[in-house]
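Participant: Below are the structure tokens for one structure; questions will follow.
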Amino acid sequence: MKLRQLLLACVIAPLALTGQPMVPPAQEYVLHFQPAGGMNGVAYTAQISLGATFTMESWVFLKAASPFSVIMGKTNNPRGSDPFHNYILGFEQGGRIPAFVQTTGQPGTFRRITGTSELPLYAWTHLAAVLDSGVMRLYVNGQLVASGASPGPPGGAAVPFGLGAAIPDGTSVCCAFSGAMREARVWSRGLTSSELQTYATQKLTGTEIGLIANWPLSEGSGQVVHGIGSQAATLTIQGSAIWIKTQLLDGGPYWEIQDLPKLTDTNYGAQAALFLNTDHRPDILIAYTPYDLIKPTAGPVLFLHNEGNRVFTPVKPAQPSGMVWPRNSTAADLDGDGFEDVVVADHGYDAPPYPGGITRIFMQRSGEMKDETDSRLPPGPAFTHDVCSADVNGDGSPDLFFASLHSGGTIQGPILYLNDGYGHFRAANELLPPIFSTSSAPTFLSCRFVDVNRDGAPDLVLGTWHPQDVRD
């Protein structure tokens, strides 16, 4: 798959059916929610409990379909048992159509009304759930889209009220939606369509009739959300909810997904982007990724030539070489000819005796990639997990650092390789701290050259695989 960056010049505001745009009041930060492997994010309080008449409303920025998720309200405790919810504004099973669910807290009282169309992704939409005079109403951008009879006054007085997700027992978070919120509000009365359209575009003072709480969600830092209103309850942030700048959302979407050409063997992973010729379009290096993780067989390396207009053509190296377990890579002009070359780390199969693999150098020759490893690197396998490049000695040529573990291979531990200026390399661990030249040299799985102190010289940041200090 390929990610393509998009540049957008404006944000499309949601339109009310009247044709007038509804735009949320400006603020620098909003609160972002994301289901994250059991770490759903929520902002909640135990101080809010709504009665037989209420309004729940918020601006919502939906980033992805979020089936059966909660935007705001209270689920049942326990969540998975009838009646499942007390009252929530959320999404139905498809994850993009808004829903208003209400019960009395008793089994068999579940009632749900839903919108008529999916919410757009990557846009702000105003949603409101209103309970008034025994009728449930759902509004999108201030327009009524659904209504239905209420089962009776809602239950759940002892259940915490949540934004972005639910926290029925006060500890375990569930049902987070993927997106952001701003200007979340609850009222003790049922707002009309015209009131929703008016208030949604304004900052409130906190003195509005019937306003229980208004949370702008604009703090930008910390784990507490402050509110205004008659019960200006403070919310506590738990889990994966984070503050994010509004402009990051309003400027997107930044990416879209595109499939790369289908290959006869699908076990490939993207390794690097580089320029294979002078057309100034980035091409892609992909390498075979073994299916058998214990004793994989060698697979080929391919380059996907960018033809423009999202078309990529697979190109084999001029002298194709197999790699057992390719990991990370680095692209640089190794021989100073003005064209990018690439080095791909290979640690071999990951099982005793850990024999190591051959990290390979592919040099660019007339728009083709040629494997010239044997003539450019000292021979021998190593348990190399990462490779990075920078001009270490200041001679104008990129040097290489191999992040390797000790193994059954010929070459042991991490190695710094100096470039002779023509793309040939020799080991030069004498330029590293003395411990790197001993039998107890530390080992690392990852490396990056970064000018940490901005002195114009590359510093080396290393990541390890077991408890020891990260080095620089």
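In the structure tokens, each chain is lettered A, B, ... as it comes, each chain's residues begin at 1, and ligands are numbered from 1 in order of appearance.
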Mind checking which residues fall within 10 Å of Leu304 (chain A), counting only C-alpha atoms, ignoring those fewer than 5 positions away in the same chain, and posting them as JSON, numbers by chain?
Facilitator: {"A": [260, 261, 270, 273, 276, 282, 283, 284, 285, 286, 311, 312, 313, 314, 315, 316]}
Participant: Which neighbours of Gly396 (chain A) fall inside 12 Å, counting only C-alpha atoms, when residues of the same chain fewer than 2 positions from it are skipped, and could you give them as a list in words?
Facilitator: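 Surrounding residues, per the criterion: Ala332, Asp333, Leu334, Asp335, Gly336, Ala390, Asp391, Val392, Asn393, Gly394, Pro398, Asp399, Leu418, Asn419, Asp420, Gly421, Tyr422, Gly423 and Ala457 of chain A.
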Participant: Excluding Gly155 (chain A) and any residue of its chain fewer than 4 positions from it, enumerate the residues within 9 Å of it, using only C-alpha atoms, and give them as number ranges by chain.
Facilitator: A: 49-51, 76, 86-87, 102-106, 159
Participant: Name the residues in contact with region 344-355 of chain A at a cut-off of 9 Å, using only C-alpha atoms, excluding same-chain residues fewer than 3 positions from it; report them as a ChimeraX atom specification.
Facilitator: /A:271-272,287,293-298,323-331,358-362,381-387,402-410
Participant: Mind checking which residues fall within 10 Å of region 432-441 of chain A, counting only C-alpha atoms, ignoring those fewer than 3 positions away in the same chain, and posting them as a PDB file with C-alpha atoms, in the first residue's frame?
Facilitator:
```pdb
ATOM      1  CA  LEU A 405      23.374  -8.335  17.916  1.00  0.00           C
ATOM      2  CA  HIS A 406      25.939 -10.960  18.872  1.00  0.00           C
ATOM      3  CA  GLN A 412      29.706  -9.750  15.904  1.00  0.00           C
ATOM      4  CA  GLY A 413      27.894  -6.762  17.405  1.00  0.00           C
ATOM      5  CA  PRO A 414      27.449  -3.221  16.087  1.00  0.00           C
ATOM      6  CA  ILE A 415      29.890  -1.910  13.479  1.00  0.00           C
ATOM      7  CA  LEU A 416      30.728   1.524  12.091  1.00  0.00           C
ATOM      8  CA  ALA A 428      36.131   1.606  11.993  1.00  0.00           C
ATOM      9  CA  ASN A 429      34.893   0.854  15.491  1.00  0.00           C
ATOM     10  CA  PHE A 444      21.274  -2.628  19.595  1.00  0.00           C
TER      11      PHE A 444
END
```
Participant: At a cut-off of 12 Å, using only C-alpha atoms, what residues contact Ala99 (chain A)? Leave out same-chain residues fewer than 6 positions from it and give the result as a PDB file with C-alpha atoms, in the first residue's frame.
Facilitator:
```pdb
ATOM      1  CA  SER A  66     -16.947   3.559  14.801  1.00  0.00           C
ATOM      2  CA  PRO A  67     -19.587   0.827  15.191  1.00  0.00           C
ATOM      3  CA  PHE A  68     -21.685   0.929  18.376  1.00  0.00           C
ATOM      4  CA  SER A  69     -19.519   3.671  19.824  1.00  0.00           C
ATOM      5  CA  VAL A  70     -20.461   6.373  22.310  1.00  0.00           C
ATOM      6  CA  ILE A  71     -20.053  10.103  21.701  1.00  0.00           C
ATOM      7  CA  MET A  72     -21.553  11.135  25.031  1.00  0.00           C
ATOM      8  CA  GLY A  73     -23.831   9.737  27.714  1.00  0.00           C
ATOM      9  CA  TYR A  87     -28.907   7.250  27.375  1.00  0.00           C
ATOM     10  CA  ILE A  88     -26.247   7.849  24.758  1.00  0.00           C
ATOM     11  CA  LEU A  89     -25.567   9.844  21.627  1.00  0.00           C
ATOM     12  CA  GLY A  90     -23.426   7.593  19.477  1.00  0.00           C
ATOM     13  CA  PHE A  91     -23.187   5.571  16.278  1.00  0.00           C
ATOM     14  CA  GLU A  92     -25.074   2.499  15.064  1.00  0.00           C
ATOM     15  CA  GLN A  93     -23.567  -0.783  13.811  1.00  0.00           C
ATOM     16  CA  ARG A 111     -35.264   2.452  22.314  1.00  0.00           C
ATOM     17  CA  ARG A 112     -33.120   3.750  19.485  1.00  0.00           C
ATOM     18  CA  ILE A 113     -33.603   6.321  16.742  1.00  0.00           C
ATOM     19  CA  THR A 114     -31.028   6.807  13.984  1.00  0.00           C
ATOM     20  CA  GLY A 115     -30.116   9.326  11.354  1.00  0.00           C
ATOM     21  CA  THR A 116     -30.901   8.863   7.692  1.00  0.00           C
ATOM     22  CA  SER A 117     -27.396   9.170   6.250  1.00  0.00           C
ATOM     23  CA  GLU A 118     -23.763   8.618   7.115  1.00  0.00           C
ATOM     24  CA  LEU A 119     -21.735  11.408   8.622  1.00  0.00           C
ATOM     25  CA  LEU A 127     -25.120  16.367  16.668  1.00  0.00           C
ATOM     26  CA  ALA A 128     -27.823  16.694  19.291  1.00  0.00           C
ATOM     27  CA  ALA A 129     -30.041  14.254  21.196  1.00  0.00           C
ATOM     28  CA  VAL A 130     -33.160  15.773  22.768  1.00  0.00           C
ATOM     29  CA  MET A 136     -36.781  11.363  21.594  1.00  0.00           C
ATOM     30  CA  ARG A 137     -35.395  13.592  18.850  1.00  0.00           C
ATOM     31  CA  LEU A 138     -32.119  13.417  16.923  1.00  0.00           C
ATOM     32  CA  TYR A 139     -30.661  16.454  15.158  1.00  0.00           C
ATOM     33  CA  VAL A 140     -27.813  16.729  12.645  1.00  0.00           C
ATOM     34  CA  VAL A 145     -33.569  13.712  11.265  1.00  0.00           C
ATOM     35  CA  ALA A 146     -35.409  11.226  13.510  1.00  0.00           C
ATOM     36  CA  SER A 147     -37.902  11.045  16.379  1.00  0.00           C
ATOM     37  CA  GLY A 148     -39.601   8.365  18.426  1.00  0.00           C
TER      38      GLY A 148
END
```
Participant: Go through A:Gly134, A:Ser188, A:Gln231, A:Val452 and flag the residue nearest Gly210 (chain A), using only C-alpha atoms for the distances.
Facilitator: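 Closest candidate: A:Ser188.
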Participant: What does the structure give for the distance between CA of Ala123 (chain A) and CA of Leu62 (chain A), in Å to one decimal?
Facilitator: 6.9 Å
Participant: Got a sec to tell me which of region 79-224 of chain A DSSP assigns to strand (DSSP E), as a PyMOL selection string?
Facilitator: chain A and resi 85-91+98-102+111-114+124-132+135-140+143-149+161-163+179-187+211-215+224
Participant: Mind pulling up the distance from CA of Thr246 (chain A) to CA of Lys74 (chain A)?
Facilitator: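 CA of Thr246 (chain A) lies at a distance of 26.7 Å from CA of Lys74 (chain A).
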Participant: Could you check how far CA of Pro160 (chain A) sits from CA of Arg189 (chain A), in Å to one decimal?
Facilitator: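 Separation of CA of Pro160 (chain A) and CA of Arg189 (chain A): 20.3 Å.
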Participant: Please determine, counting only C-alpha atoms, which residue among A:Pro154, A:Tyr254, A:Asn141, A:Trp59 has the shortest atom-to-atom distance to Val101 (chain A).
Facilitator: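 Among A:Pro154, A:Tyr254, A:Asn141, A:Trp59, it is A:Pro154 that comes nearest to Val101 (chain A).
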Participant: Find the residue from A:Ser397, A:Cys388, A:Leu204, A:Gly367 that sits nearest to Asp459 (chain A); use only C-alpha atoms when measuring.
Facilitator: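 Checking each of A:Ser397, A:Cys388, A:Leu204, A:Gly367 against Asp459 (chain A), counting only C-alpha atoms, the winner is A:Cys388.
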Participant: Pick from A:Phe449, A:Tyr417, A:Lys370, A:Asp455: nearest to Glu430 (chain A), with only C-alpha atoms counted?
Facilitator: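 With only C-alpha atoms as the atom set, the closest residue is A:Tyr417.
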